[in-house]
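K.L.:
For reference, this is final_21.csv, and it has CSV, C-alpha atoms.
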chain,number,residue,atom,x,y,z
A,1,MET,CA,9.0,-10.7,32.1
A,2,GLN,CA,8.1,-13.7,30.0
A,3,TYR,CA,6.4,-13.0,26.7
A,4,LEU,CA,2.8,-14.2,26.5
A,5,SER,CA,2.1,-15.5,23.0
A,6,ARG,CA,-0.6,-13.7,21.0
A,7,ILE,CA,-2.9,-15.1,18.4
A,8,VAL,CA,-1.7,-12.6,15.8
A,9,ASP,CA,1.9,-14.0,16.1
A,10,LYS,CA,1.0,-16.7,13.6
A,11,GLU,CA,-0.6,-14.1,11.2
A,12,ILE,CA,2.5,-11.9,11.4
A,13,ASP,CA,4.9,-14.8,10.7
A,14,GLU,CA,2.8,-15.9,7.7
A,15,LEU,CA,2.7,-12.3,6.3
A,16,MET,CA,6.4,-11.8,6.8
A,17,GLN,CA,7.0,-14.7,4.4
A,18,ILE,CA,5.0,-13.2,1.6
A,19,MET,CA,5.1,-9.4,2.1
A,20,GLY,CA,7.9,-6.9,2.3
A,21,ALA,CA,6.6,-5.2,5.4
A,22,VAL,CA,3.8,-5.7,8.0
A,23,LEU,CA,2.0,-3.0,9.9
A,24,ILE,CA,0.7,-4.0,13.4
A,25,GLU,CA,-1.9,-1.4,14.4
A,26,GLY,CA,-4.2,-1.1,17.3
A,27,CYS,CA,-5.0,0.8,20.5
A,28,LYS,CA,-2.2,2.0,22.8
A,29,TRP,CA,-1.1,-0.5,25.5
A,30,CYS,CA,-2.5,-3.5,23.7
A,31,GLY,CA,1.0,-5.0,23.3
A,32,LYS,CA,2.0,-4.1,19.7
A,33,SER,CA,5.5,-3.1,20.5
A,34,THR,CA,6.2,-6.2,22.6
A,35,THR,CA,4.8,-8.5,20.0
A,36,GLY,CA,6.5,-6.7,17.1
A,37,ALA,CA,9.8,-7.0,18.9
A,38,GLN,CA,9.5,-10.8,19.0
A,39,HIS,CA,9.7,-10.7,15.1
A,40,ALA,CA,12.3,-8.0,14.7
A,41,LYS,CA,16.1,-7.9,14.9
A,42,SER,CA,16.5,-4.1,15.2
A,43,ILE,CA,14.1,-1.5,16.5
A,44,ILE,CA,13.7,2.3,16.2
A,45,GLU,CA,11.4,3.8,18.9
A,46,PHE,CA,10.1,7.0,17.4
A,47,GLN,CA,8.6,8.1,20.7
A,48,ASN,CA,12.0,8.3,22.3
A,49,PRO,CA,12.5,12.0,23.2
A,50,ASP,CA,16.3,11.6,23.4
A,51,LYS,CA,16.3,10.8,19.7
A,52,ARG,CA,13.9,13.4,18.5
A,53,GLN,CA,16.5,15.8,17.1
A,54,GLU,CA,18.3,13.0,15.4
A,55,TYR,CA,15.1,11.7,13.9
A,56,ASP,CA,14.0,15.1,12.8
A,57,ASN,CA,17.3,15.6,11.0
A,58,ILE,CA,17.0,12.3,9.2
A,59,LYS,CA,13.4,13.1,8.2
A,60,ASN,CA,14.4,16.5,6.7
A,61,THR,CA,17.6,15.3,4.9
A,62,LYS,CA,17.5,11.6,3.9
A,63,PRO,CA,14.6,9.5,5.2
A,64,SER,CA,16.0,6.3,3.7
A,65,LEU,CA,18.6,6.4,6.5
A,66,PHE,CA,15.9,5.1,8.8
A,67,LEU,CA,16.0,1.8,7.0
A,68,ASN,CA,19.7,1.1,7.8
A,69,GLY,CA,19.9,-1.7,10.4
A,70,GLU,CA,19.5,-5.4,10.7
A,71,LYS,CA,16.4,-6.9,9.2
A,72,PRO,CA,13.6,-7.3,10.0
A,73,ARG,CA,13.7,-3.7,11.2
A,74,MET,CA,10.9,-2.4,13.4
A,75,PHE,CA,9.6,1.1,13.6
A,76,ASP,CA,7.6,1.7,16.8
A,77,GLU,CA,4.8,4.3,16.5
A,78,TRP,CA,5.7,4.9,12.9
A,79,GLN,CA,2.9,7.5,12.4
A,80,MET,CA,5.1,10.0,14.3
A,81,TYR,CA,7.4,10.0,11.2
A,82,PRO,CA,5.1,9.0,8.4
A,83,VAL,CA,7.8,9.6,5.8
A,84,VAL,CA,9.2,6.2,6.8
A,85,TRP,CA,6.2,4.6,5.1
A,86,ASP,CA,7.1,5.8,1.6
A,87,SER,CA,10.8,4.9,2.2
A,88,ILE,CA,9.8,1.4,3.1
A,89,ARG,CA,7.5,1.0,0.2
A,90,THR,CA,10.2,2.3,-2.2
A,91,ASP,CA,12.8,-0.1,-0.7
A,92,VAL,CA,10.4,-3.1,-0.9
A,93,ASP,CA,9.6,-2.2,-4.5
A,94,HIS,CA,13.3,-2.1,-5.5
A,95,SER,CA,14.6,-5.0,-3.5
A,96,GLY,CA,11.7,-7.4,-3.8
A,97,LEU,CA,12.7,-9.0,-0.5
A,98,LYS,CA,10.1,-10.4,2.0
A,99,GLY,CA,9.9,-9.8,5.7
A,100,GLN,CA,12.1,-6.7,5.8
A,101,TYR,CA,10.2,-4.3,8.0
A,102,ILE,CA,7.6,-4.2,10.8
A,103,LEU,CA,5.7,-1.0,11.7
A,104,THR,CA,3.6,-0.5,14.8
A,105,GLY,CA,1.1,2.3,15.3
A,106,SER,CA,-1.6,3.2,17.9
A,107,ALA,CA,-3.1,5.9,15.7
A,108,LYS,CA,-4.0,6.3,12.0
A,109,PRO,CA,-1.9,9.0,10.4
A,110,SER,CA,-3.6,12.1,9.0
A,111,GLU,CA,-4.9,12.1,5.5
A,112,GLY,CA,-2.1,12.8,3.0
A,113,ALA,CA,0.7,12.0,5.4
A,114,THR,CA,1.9,9.3,3.1
A,115,MET,CA,2.2,9.4,-0.7
A,116,HIS,CA,1.4,5.8,-1.4
A,117,THR,CA,-1.1,3.2,0.0
A,118,GLY,CA,1.5,0.4,0.4
A,119,THR,CA,-0.9,-2.0,-1.3
A,120,GLY,CA,1.0,-5.2,-2.3
A,121,ARG,CA,4.1,-4.2,-0.2
A,122,ILE,CA,2.8,-3.5,3.3
A,123,SER,CA,0.2,-5.7,4.9
A,124,ARG,CA,-1.9,-4.7,7.9
A,125,VAL,CA,-2.6,-6.7,11.1
A,126,LEU,CA,-5.1,-5.4,13.6
A,127,MET,CA,-4.2,-6.1,17.2
A,128,ARG,CA,-6.5,-5.8,20.2
A,129,PRO,CA,-6.0,-6.2,24.0
A,130,MET,CA,-5.7,-9.8,25.1
A,131,SER,CA,-8.5,-12.4,24.9
A,132,LEU,CA,-9.2,-14.6,27.8
A,133,TYR,CA,-7.3,-17.4,26.1
A,134,GLU,CA,-4.3,-15.3,25.5
A,135,SER,CA,-4.3,-14.1,29.2
A,136,GLY,CA,-4.5,-17.7,30.4
A,137,GLU,CA,-8.0,-17.4,31.9
A,138,SER,CA,-9.8,-19.5,29.3
A,139,THR,CA,-8.9,-23.2,29.4
A,140,GLY,CA,-9.1,-23.4,25.6
A,141,GLU,CA,-10.9,-26.7,25.7
A,142,VAL,CA,-13.3,-25.5,22.9
A,143,SER,CA,-12.0,-24.0,19.7
A,144,LEU,CA,-13.8,-22.2,16.9
A,145,ASN,CA,-12.4,-24.8,14.6
A,146,ASP,CA,-14.2,-27.5,16.6
A,147,LEU,CA,-17.4,-25.6,16.3
A,148,PHE,CA,-17.1,-24.9,12.6
A,149,LEU,CA,-16.4,-28.6,12.1
A,150,GLY,CA,-19.5,-29.6,14.1
A,151,LYS,CA,-17.5,-31.7,16.6
A,152,ASP,CA,-18.8,-32.7,20.0
A,153,ILE,CA,-17.4,-30.5,22.7
A,154,SER,CA,-16.9,-30.5,26.5
A,155,GLY,CA,-15.2,-28.1,28.8
A,156,VAL,CA,-15.3,-26.7,32.3
A,157,SER,CA,-14.6,-23.0,32.9
A,158,LYS,CA,-12.4,-21.9,35.8
A,159,LEU,CA,-14.1,-18.5,35.9
A,160,SER,CA,-16.8,-17.8,38.5
A,161,LEU,CA,-19.2,-14.8,38.2
A,162,GLU,CA,-16.8,-12.8,40.5
A,163,ASN,CA,-13.9,-13.8,38.2
A,164,LEU,CA,-15.7,-12.6,35.1
A,165,ALA,CA,-16.5,-9.3,36.8
A,166,SER,CA,-12.8,-9.0,37.7
A,167,VAL,CA,-11.5,-9.7,34.1
A,168,ILE,CA,-14.0,-7.3,32.6
A,169,VAL,CA,-12.9,-4.4,34.9
A,170,ARG,CA,-9.2,-5.3,34.6
A,171,GLY,CA,-9.4,-5.7,30.8
A,172,GLY,CA,-7.0,-7.4,28.4
A,173,TRP,CA,-4.1,-5.1,29.0
A,174,PRO,CA,-0.9,-7.2,29.0
A,175,ALA,CA,0.7,-5.1,31.7
A,176,SER,CA,-2.2,-5.9,34.1
A,177,ILE,CA,-2.0,-9.7,33.6
A,178,GLY,CA,-0.8,-11.6,36.6
A,179,ILE,CA,-1.2,-8.8,39.1
A,180,ASP,CA,-3.3,-10.0,42.0
A,181,GLU,CA,-3.9,-6.8,43.9
A,182,ASP,CA,-6.6,-4.3,43.1
A,183,ILE,CA,-4.0,-2.1,41.5
A,184,LYS,CA,-4.6,-4.1,38.3
A,185,TYR,CA,-7.9,-2.2,37.9
A,186,ARG,CA,-6.0,1.1,37.6
A,187,PHE,CA,-4.6,0.3,34.1
A,188,ALA,CA,-7.9,0.9,32.3
A,189,LYS,CA,-8.5,4.1,34.3
A,190,GLU,CA,-5.0,5.4,33.5
A,191,TYR,CA,-5.6,4.5,29.8
A,192,VAL,CA,-8.8,6.6,29.8
A,193,LYS,CA,-7.0,9.5,31.5
A,194,SER,CA,-4.1,9.4,29.0
A,195,LEU,CA,-6.6,9.2,26.1
A,196,ILE,CA,-8.6,12.2,27.2
A,197,HIS,CA,-5.8,14.5,28.2
A,198,GLU,CA,-3.0,13.5,25.8
A,199,ASP,CA,-3.8,11.1,22.9
A,200,VAL,CA,-6.6,13.1,21.4
A,201,LYS,CA,-4.3,16.0,21.0
A,202,LYS,CA,-1.2,14.1,19.8
A,203,ILE,CA,-3.0,12.5,16.9
A,204,ASP,CA,-3.2,15.7,14.8
A,205,GLY,CA,-2.2,18.5,17.1
A,206,ILE,CA,-5.8,19.8,17.3
A,207,GLU,CA,-7.0,21.0,20.7
A,208,ARG,CA,-10.0,19.1,21.9
A,209,ASN,CA,-12.0,19.8,25.0
A,210,PRO,CA,-11.2,17.0,27.6
A,211,GLU,CA,-14.6,17.5,29.3
A,212,LYS,CA,-16.5,17.1,26.1
A,213,MET,CA,-14.5,14.0,25.2
A,214,GLN,CA,-15.1,12.5,28.6
A,215,ASN,CA,-18.8,13.1,28.3
A,216,ILE,CA,-18.9,11.5,24.9
A,217,LEU,CA,-17.1,8.5,26.3
A,218,ARG,CA,-19.5,8.4,29.2
A,219,SER,CA,-22.5,8.3,26.8
A,220,LEU,CA,-20.8,5.6,24.7
A,221,ALA,CA,-20.2,3.6,27.9
A,222,ARG,CA,-23.8,4.0,29.0
A,223,ASN,CA,-25.0,2.7,25.6
A,224,VAL,CA,-22.4,0.0,25.0
A,225,THR,CA,-23.4,-2.9,22.7
A,226,THR,CA,-26.4,-0.9,21.4
A,227,GLN,CA,-27.1,0.9,18.1
A,228,VAL,CA,-26.5,4.3,19.7
A,229,SER,CA,-27.2,7.2,17.4
A,230,ASN,CA,-25.4,10.6,17.3
A,231,SER,CA,-28.7,12.1,18.5
A,232,THR,CA,-28.7,9.9,21.6
A,233,ILE,CA,-25.1,10.9,22.4
A,234,GLU,CA,-25.9,14.6,21.9
A,235,SER,CA,-28.9,14.2,24.2
A,236,ASP,CA,-26.9,12.4,26.9
A,237,VAL,CA,-24.2,15.1,26.8
A,238,LYS,CA,-26.8,17.9,27.1
A,239,ASN,CA,-29.4,16.4,29.5
A,240,ILE,CA,-27.3,14.1,31.7
A,241,PHE,CA,-23.9,15.8,31.7
A,242,ALA,CA,-25.1,19.4,31.3
A,243,ASP,CA,-22.8,20.1,28.3
A,244,ASP,CA,-23.6,21.3,24.8
A,245,ILE,CA,-22.0,19.8,21.7
A,246,SER,CA,-22.5,20.5,18.1
A,247,ARG,CA,-22.9,17.7,15.5
A,248,PRO,CA,-19.7,18.5,13.7
A,249,THR,CA,-17.8,18.5,17.0
A,250,LEU,CA,-19.3,15.2,17.9
A,251,ILE,CA,-18.4,13.6,14.6
A,252,ASP,CA,-14.8,14.9,14.9
A,253,TYR,CA,-14.5,13.4,18.4
A,254,LEU,CA,-15.9,10.1,17.3
A,255,ASN,CA,-13.7,10.0,14.3
A,256,THR,CA,-10.7,10.7,16.6
A,257,LEU,CA,-11.6,7.8,18.9
A,258,GLU,CA,-11.8,5.5,15.8
A,259,LYS,CA,-8.4,6.7,14.6
A,260,LEU,CA,-7.0,5.8,18.0
A,261,PHE,CA,-8.6,2.4,17.7
A,262,VAL,CA,-10.6,3.0,20.9
A,263,ILE,CA,-14.1,2.4,19.5
A,264,GLU,CA,-15.2,0.0,16.7
A,265,ASP,CA,-18.4,-0.4,14.8
A,266,LEU,CA,-20.0,-3.8,14.6
A,267,ASN,CA,-22.0,-3.8,11.4
A,268,ALA,CA,-25.3,-5.5,10.6
A,269,THR,CA,-25.1,-8.8,8.7
A,270,ASN,CA,-25.4,-9.0,4.9
A,271,LEU,CA,-26.8,-12.6,4.9
A,272,ASN,CA,-29.8,-13.3,2.8
A,273,PHE,CA,-33.1,-13.7,4.6
A,274,ARG,CA,-36.6,-14.9,3.9
A,275,SER,CA,-38.0,-12.6,6.6
A,276,LYS,CA,-40.5,-9.9,5.5
A,277,TYR,CA,-39.0,-7.5,8.0
A,278,ALA,CA,-36.4,-5.0,6.9
A,279,LEU,CA,-32.9,-5.3,8.4
A,280,ARG,CA,-31.8,-2.5,10.7
A,281,THR,CA,-28.4,-1.5,9.3
A,282,LYS,CA,-27.1,1.1,11.8
A,283,PRO,CA,-23.9,-0.4,13.4
A,284,LYS,CA,-23.4,-1.0,17.1
A,285,LYS,CA,-20.5,0.7,18.8
A,286,TYR,CA,-18.1,-1.2,21.0
A,287,PHE,CA,-15.0,-0.2,22.9
A,288,VAL,CA,-12.0,-2.2,21.9
A,289,ASP,CA,-11.9,-3.5,25.5
A,290,PRO,CA,-14.8,-3.7,28.0
A,291,SER,CA,-12.6,-2.2,30.8
A,292,ILE,CA,-12.7,1.1,29.0
A,293,ALA,CA,-16.4,1.3,29.6
A,294,THR,CA,-16.2,0.3,33.3
A,295,ALA,CA,-13.3,2.7,33.8
A,296,ILE,CA,-15.3,5.6,32.3
A,297,LEU,CA,-18.3,4.7,34.5
A,298,ASP,CA,-16.0,4.2,37.5
A,299,MET,CA,-17.3,0.7,38.1
A,300,ASN,CA,-15.5,-2.0,40.1
A,301,PRO,CA,-16.2,-5.7,40.1
A,302,ASN,CA,-18.6,-5.4,43.0
A,303,ASP,CA,-20.6,-2.8,41.1
A,304,LEU,CA,-21.1,-5.3,38.3
A,305,ILE,CA,-22.1,-8.0,40.6
A,306,ASN,CA,-24.7,-5.7,42.2
A,307,ASP,CA,-26.0,-4.5,38.8
A,308,LEU,CA,-26.6,-7.6,36.7
A,309,ASN,CA,-28.2,-5.7,33.9
A,310,THR,CA,-25.1,-3.6,33.3
A,311,PHE,CA,-23.0,-6.7,33.9
A,312,GLY,CA,-24.8,-8.4,31.0
A,313,PHE,CA,-23.9,-5.6,28.6
A,314,MET,CA,-20.3,-5.6,29.7
A,315,PHE,CA,-20.1,-9.4,29.4
A,316,GLU,CA,-21.4,-9.1,25.9
A,317,SER,CA,-18.7,-6.5,25.2
A,318,LEU,CA,-16.1,-8.9,26.6
A,319,CYS,CA,-17.4,-11.8,24.4
A,320,ILE,CA,-17.4,-9.6,21.2
A,321,ARG,CA,-13.8,-8.6,21.9
A,322,ASP,CA,-12.7,-12.2,22.2
A,323,LEU,CA,-14.8,-13.4,19.2
A,324,LYS,CA,-13.2,-10.6,17.0
A,325,ILE,CA,-9.8,-11.8,18.0
A,326,TYR,CA,-10.6,-15.5,17.4
A,327,ILE,CA,-12.4,-15.1,14.0
A,328,GLN,CA,-9.6,-12.8,12.7
A,329,SER,CA,-7.3,-15.8,12.8
A,330,TYR,CA,-9.6,-17.4,10.2
A,331,GLY,CA,-9.5,-14.3,8.0
A,332,GLY,CA,-13.2,-13.9,8.9
A,333,ASN,CA,-15.4,-11.2,10.3
A,334,ILE,CA,-18.2,-10.7,12.8
A,335,SER,CA,-21.6,-8.9,12.5
A,336,PHE,CA,-25.0,-8.9,14.1
A,337,TYR,CA,-28.6,-9.3,13.1
A,338,ARG,CA,-31.6,-7.1,14.0
A,339,ASP,CA,-34.7,-6.5,12.1
A,340,GLU,CA,-37.4,-3.8,12.4
A,341,ASN,CA,-39.4,-6.2,14.5
A,342,ASP,CA,-36.5,-6.2,17.0
A,343,PHE,CA,-35.7,-9.8,16.4
A,344,GLU,CA,-32.0,-9.9,17.2
A,345,VAL,CA,-29.0,-12.3,17.1
A,346,ASP,CA,-25.9,-10.9,18.9
A,347,ALA,CA,-23.1,-12.2,16.6
A,348,ILE,CA,-22.8,-13.7,13.1
A,349,LEU,CA,-19.4,-15.1,12.4
A,350,ARG,CA,-18.2,-15.7,8.8
A,351,ALA,CA,-14.9,-17.5,8.1
A,352,ASN,CA,-12.9,-16.8,4.9
A,353,ASN,CA,-14.1,-20.1,3.4
A,354,GLY,CA,-17.7,-18.9,3.4
A,355,LYS,CA,-18.9,-20.9,6.4
A,356,TRP,CA,-21.0,-18.9,8.9
A,357,ALA,CA,-22.4,-19.3,12.4
A,358,ALA,CA,-24.8,-17.5,14.7
A,359,ILE,CA,-24.2,-16.9,18.4
A,360,GLU,CA,-26.3,-15.5,21.2
A,361,ILE,CA,-24.5,-14.1,24.3
A,362,LYS,CA,-26.0,-14.7,27.7
A,363,LEU,CA,-24.3,-14.2,31.0
A,364,GLY,CA,-26.4,-16.7,33.1
A,365,ALA,CA,-27.8,-20.2,32.7
A,366,GLY,CA,-31.4,-19.0,33.1
A,367,TYR,CA,-31.4,-17.6,29.5
A,368,ILE,CA,-29.8,-20.5,27.7
A,369,ASP,CA,-33.1,-22.2,26.6
A,370,SER,CA,-34.7,-19.0,25.2
A,371,ALA,CA,-31.4,-18.1,23.5
A,372,ALA,CA,-31.2,-21.5,21.8
A,373,SER,CA,-34.9,-21.2,20.7
A,374,ASN,CA,-34.1,-17.8,19.3
A,375,LEU,CA,-31.2,-19.2,17.3
A,376,LEU,CA,-33.3,-22.0,15.8
A,377,LYS,CA,-35.9,-19.4,14.8
A,378,PHE,CA,-33.2,-17.3,13.2
A,379,LYS,CA,-32.0,-20.3,11.2
A,380,ASP,CA,-35.5,-20.5,9.6
A,381,LYS,CA,-35.2,-16.8,8.5
A,382,VAL,CA,-32.0,-17.5,6.5
A,383,ASP,CA,-32.2,-18.3,2.8
A,384,VAL,CA,-29.9,-21.4,3.0
A,385,GLU,CA,-30.0,-21.9,-0.8
A,386,LYS,CA,-28.0,-18.7,-1.1
A,387,CYS,CA,-26.1,-18.7,2.2
A,388,GLY,CA,-25.8,-22.3,3.0
A,389,GLU,CA,-26.7,-24.0,6.3
A,390,PRO,CA,-25.0,-22.4,9.4
A,391,ALA,CA,-21.9,-24.3,10.4
A,392,PHE,CA,-23.1,-24.1,14.0
A,393,LEU,CA,-25.5,-22.3,16.4
A,394,ALA,CA,-24.2,-21.5,19.9
A,395,VAL,CA,-25.0,-19.7,23.1
A,396,LEU,CA,-21.9,-18.1,24.5
A,397,THR,CA,-22.2,-17.9,28.3
A,398,GLY,CA,-20.5,-17.0,31.6
A,399,THR,CA,-21.6,-20.4,33.0
A,400,ASP,CA,-19.4,-23.3,34.0
A,401,TYR,CA,-19.9,-25.9,31.3
A,402,SER,CA,-19.5,-26.3,27.5
A,403,TYR,CA,-21.5,-29.0,25.7
A,404,LYS,CA,-23.8,-29.7,22.8
A,405,ARG,CA,-27.5,-29.8,23.4
A,406,ASN,CA,-29.9,-32.4,22.0
A,407,ASP,CA,-31.3,-29.8,19.5
A,408,GLY,CA,-27.8,-29.3,18.1
A,409,VAL,CA,-27.2,-25.9,19.6
A,410,TYR,CA,-23.8,-25.6,21.4
A,411,VAL,CA,-23.5,-24.0,24.8
A,412,VAL,CA,-20.0,-22.6,25.2
A,413,SER,CA,-18.6,-21.0,28.3
A,414,ILE,CA,-16.4,-18.0,27.4
A,415,GLY,CA,-14.0,-19.4,29.9
A,416,THR,CA,-13.3,-22.5,27.7
A,417,LEU,CA,-13.2,-20.8,24.2
A,418,LYS,CA,-10.1,-20.2,22.0
A,419,ASP,CA,-9.5,-19.6,18.3
Now that the file is in, can you turn its structure into structure tokens?
P.N.:
Amino acid sequence: MQYLSRIVDKEIDELMQIMGAVLIEGCKWCGKSTTGAQHAKSIIEFQNPDKRQEYDNIKNTKPSLFLNGEKPRMFDEWQMYPVVWDSIRTDVDHSGLKGQYILTGSAKPSEGATMHTGTGRISRVLMRPMSLYESGESTGEVSLNDLFLGKDISGVSKLSLENLASVIVRGGWPASIGIDEDIKYRFAKEYVKSLIHEDVKKIDGIERNPEKMQNILRSLARNVTTQVSNSTIESDVKNIFADDISRPTLIDYLNTLEKLFVIEDLNATNLNFRSKYALRTKPKKYFVDPSIATAILDMNPNDLINDLNTFGFMFESLCIRDLKIYIQSYGGNISFYRDENDFEVDAILRANNGKWAAIEIKLGAGYIDSAASNLLKFKDKVDVEKCGEPAFLAVLTGTDYSYKRNDGVYVVSIGTLKD
């Protein structure tokens, strides 16, 4: 099967030139092993059961033997043998050589599993499921770079409303790309099944109730893209799913999902504002891929088409996934704005050069005018003397065309966007 290039490939190449080792981390099935293998000359697969006894013996006798092999040497699912981390750090310290090791991991190791942080020796790269550009479904006619530079843009998306519903339910799982039959929608469901019944136990060996985990996931899916509180999740689990859960148990389960890179917080922005209203600082919770939410809710593409309100939330989740992937290539980050008067902007992008931008996310064309008006009002709230003028304002849509409006606000179809 032909390798589909990933945006993080460039980041990995650059880090391998300046660091002794690179850790590629992210959720299971997002393509870490395949991508890491493109940059490696030898590989150890720690999850291989046929090698378990051999690996155990090395771990208990001389862990540095793991390092013997052609460089760059890759350690797949390194967290299963965290002792390799300290061996790599020591070797990089002593040799001073760059680009020697690659680690991949779909779970964060337990506290205290490694002796050293790896700072200055091992650099981290976060990998997510594929963006629409990486999966070949965005034309890439509009780049974030074009937008940050204020260029004129034009583009025509190939994605209909039905296509968007399909890619949301399918998700950005590399193994599902290019499959035409409905079987492609099973990947996300199999991911959730594995997560609930296997992964939440493997991370630290602690037994967790699959039904409680499923109910927490269902609550998160019902409240995707919102500032959902622990109290709301507890209420959902009790009143909707007829299950009781204590606050410590809920926190443990949420922390486990974060360690497995399944859920991510989107934090409120720290831009300076003239507004008299206080900023709501509680983060929003997103799944790393929108297909996780639709799989948990057992939704197919037709279900989204017939429920445009839910479709809108899932579309926002898709856009946030892609924006996170694209802005990461700039060393930047993404946040959102919402004040106590419920004035909200969906996404604030900040590049590593200090430039920033504001984006509203709307599925249909009927909301473009109001979204553009909202962005212009938001611009007036920002203290530009401290933050600078926004590099751009944009409405990110599921519509056909990308262009620049007369008021300066961009309209960008997600089906034309790339990094």
K.L.:
Could you pull the residues within 8 Å of range 43-52 of chain A, counting all atoms listed in the file, minus those fewer than 5 positions along the same chain, as a PyMOL selection string?
P.N.:
chain A and resi 37+73-78+80-81
K.L.:
Find the residues around range 88-98 of chain A up to 7 Å (all atoms listed in the file counted), leave out those fewer than 6 positions away in its own chain, and share them as a compact mmCIF listing (two decimals) with C-alpha atoms, in the frame of the given file.
P.N.:
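And here's part24.txt as it stands now:
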# COMPACT_ATOMS: atom_id res chain seq x y z
CA MET A 16 6.40 -11.80 6.80
CA GLN A 17 7.00 -14.70 4.40
CA ILE A 18 5.00 -13.20 1.60
CA MET A 19 5.10 -9.40 2.10
CA GLY A 20 7.90 -6.90 2.30
CA GLY A 118 1.50 0.40 0.40
CA ARG A 121 4.10 -4.20 -0.20
K.L.:
Mind listing whatever residues come within 9 Å of the point (10.1, 4.5, 4.0)? Use all atoms listed in the file, file coordinates, and give them as an MDAnalysis selection string.
P.N.:
chainID A and resid 63:64 66:67 82:91
K.L.:
To one decimal in Å, tell me the separation between CA of Lys108 in chain A and CA of Lys418 in chain A.
P.N.:
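Going from CA of Lys108 in chain A over to CA of Lys418 in chain A covers 29.0 Å.
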K.L.:
Under the rule of at most 7 Å, produce a per-residue listing of range 179-240 of chain A near range 153-170 of chain A: chain, number, name, the closest pair of atoms, and the distance in Å, as JSON lines, using all atoms listed in the file.
P.N.:
{"residue": "A:Lys184", "atom": "CA", "partner": "A:Arg170", "partner_atom": "CA", "distance": 6.0}
{"residue": "A:Tyr185", "atom": "CA", "partner": "A:Arg170", "partner_atom": "CA", "distance": 4.7}
{"residue": "A:Ala188", "atom": "CA", "partner": "A:Arg170", "partner_atom": "CA", "distance": 6.7}
K.L.:
So that I have them on file, write out the residues from the current selection with C-alpha atoms, as an mmCIF file, keeping the file's coordinate frame.
P.N.:
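Output saved as result-v2.cif:
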data_model
loop_
_atom_site.group_PDB
_atom_site.id
_atom_site.type_symbol
_atom_site.label_atom_id
_atom_site.label_comp_id
_atom_site.auth_asym_id
_atom_site.auth_seq_id
_atom_site.Cartn_x
_atom_site.Cartn_y
_atom_site.Cartn_z
ATOM 1 C CA LYS A 184 -4.600 -4.100 38.300
ATOM 2 C CA TYR A 185 -7.900 -2.200 37.900
ATOM 3 C CA ALA A 188 -7.900 0.900 32.300
#
K.L.:
Let me make sure I understand: among A:Glu316, A:Asp252, A:Asp339, A:Glu344, which one has the smallest atom-to-atom distance to Ile206 in chain A if we use only C-alpha atoms?
P.N.:
A:Asp252
K.L.:
In terms of the shortest atom-to-atom distance over all atoms listed in the file, which of A:Asp369, A:Glu389, A:Asp303, A:Glu25 is closest to Ile102 in chain A?
P.N.:
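Of A:Asp369, A:Glu389, A:Asp303, A:Glu25, the one nearest Ile102 in chain A is A:Glu25, counting all atoms listed in the file.
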K.L.:
For Asn223 in chain A, which residue among A:Ala293, A:Ile177, A:Ile240, A:Ile368 is the nearest when counting all atoms listed in the file?
P.N.:
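The closest residue to Asn223 in chain A is A:Ala293.
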K.L.:
Could you tell me how far CA of Phe148 in chain A sits from CA of Lys355 in chain A, in Å to one decimal place?
P.N.:
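Interatomic distance here is 7.6 Å.
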K.L.:
Using only C-alpha atoms and a cutoff of 10 Å, can you tell me which residues are near (-10.8, -23.6, 23.3) in the file's coordinates, and write them out as a ChimeraX atom specification?
P.N.:
/A:133,138-147,153-155,412-419
K.L.:
How would range 189-197 of chain A look with N, CA and C atoms restored, written as a short mmCIF file (atom, residue, chain, number, x, y, z; two decimals), keeping the file's coordinate frame?
P.N.:
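The new file selection-v1.cif reads:
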data_model
loop_
_atom_site.label_atom_id
_atom_site.label_comp_id
_atom_site.auth_asym_id
_atom_site.auth_seq_id
_atom_site.Cartn_x
_atom_site.Cartn_y
_atom_site.Cartn_z
N LYS A 189 -8.20 2.75 33.93
CA LYS A 189 -8.50 4.10 34.30
C LYS A 189 -7.33 5.06 33.83
N GLU A 190 -6.10 4.58 33.95
CA GLU A 190 -5.00 5.40 33.50
C GLU A 190 -5.00 5.49 31.94
N TYR A 191 -5.47 4.44 31.28
CA TYR A 191 -5.60 4.50 29.80
C TYR A 191 -6.59 5.60 29.43
N VAL A 192 -7.74 5.63 30.10
CA VAL A 192 -8.80 6.60 29.80
C VAL A 192 -8.23 8.03 30.08
N LYS A 193 -7.53 8.19 31.18
CA LYS A 193 -7.00 9.50 31.50
C LYS A 193 -5.98 9.97 30.46
N SER A 194 -5.11 9.07 30.03
CA SER A 194 -4.10 9.40 29.00
C SER A 194 -4.85 9.74 27.68
N LEU A 195 -5.87 8.97 27.37
CA LEU A 195 -6.60 9.20 26.10
C LEU A 195 -7.24 10.57 26.09
N ILE A 196 -7.89 10.96 27.18
CA ILE A 196 -8.60 12.20 27.20
C ILE A 196 -7.69 13.43 27.22
N HIS A 197 -6.61 13.34 27.97
CA HIS A 197 -5.80 14.50 28.20
C HIS A 197 -4.54 14.59 27.27
#
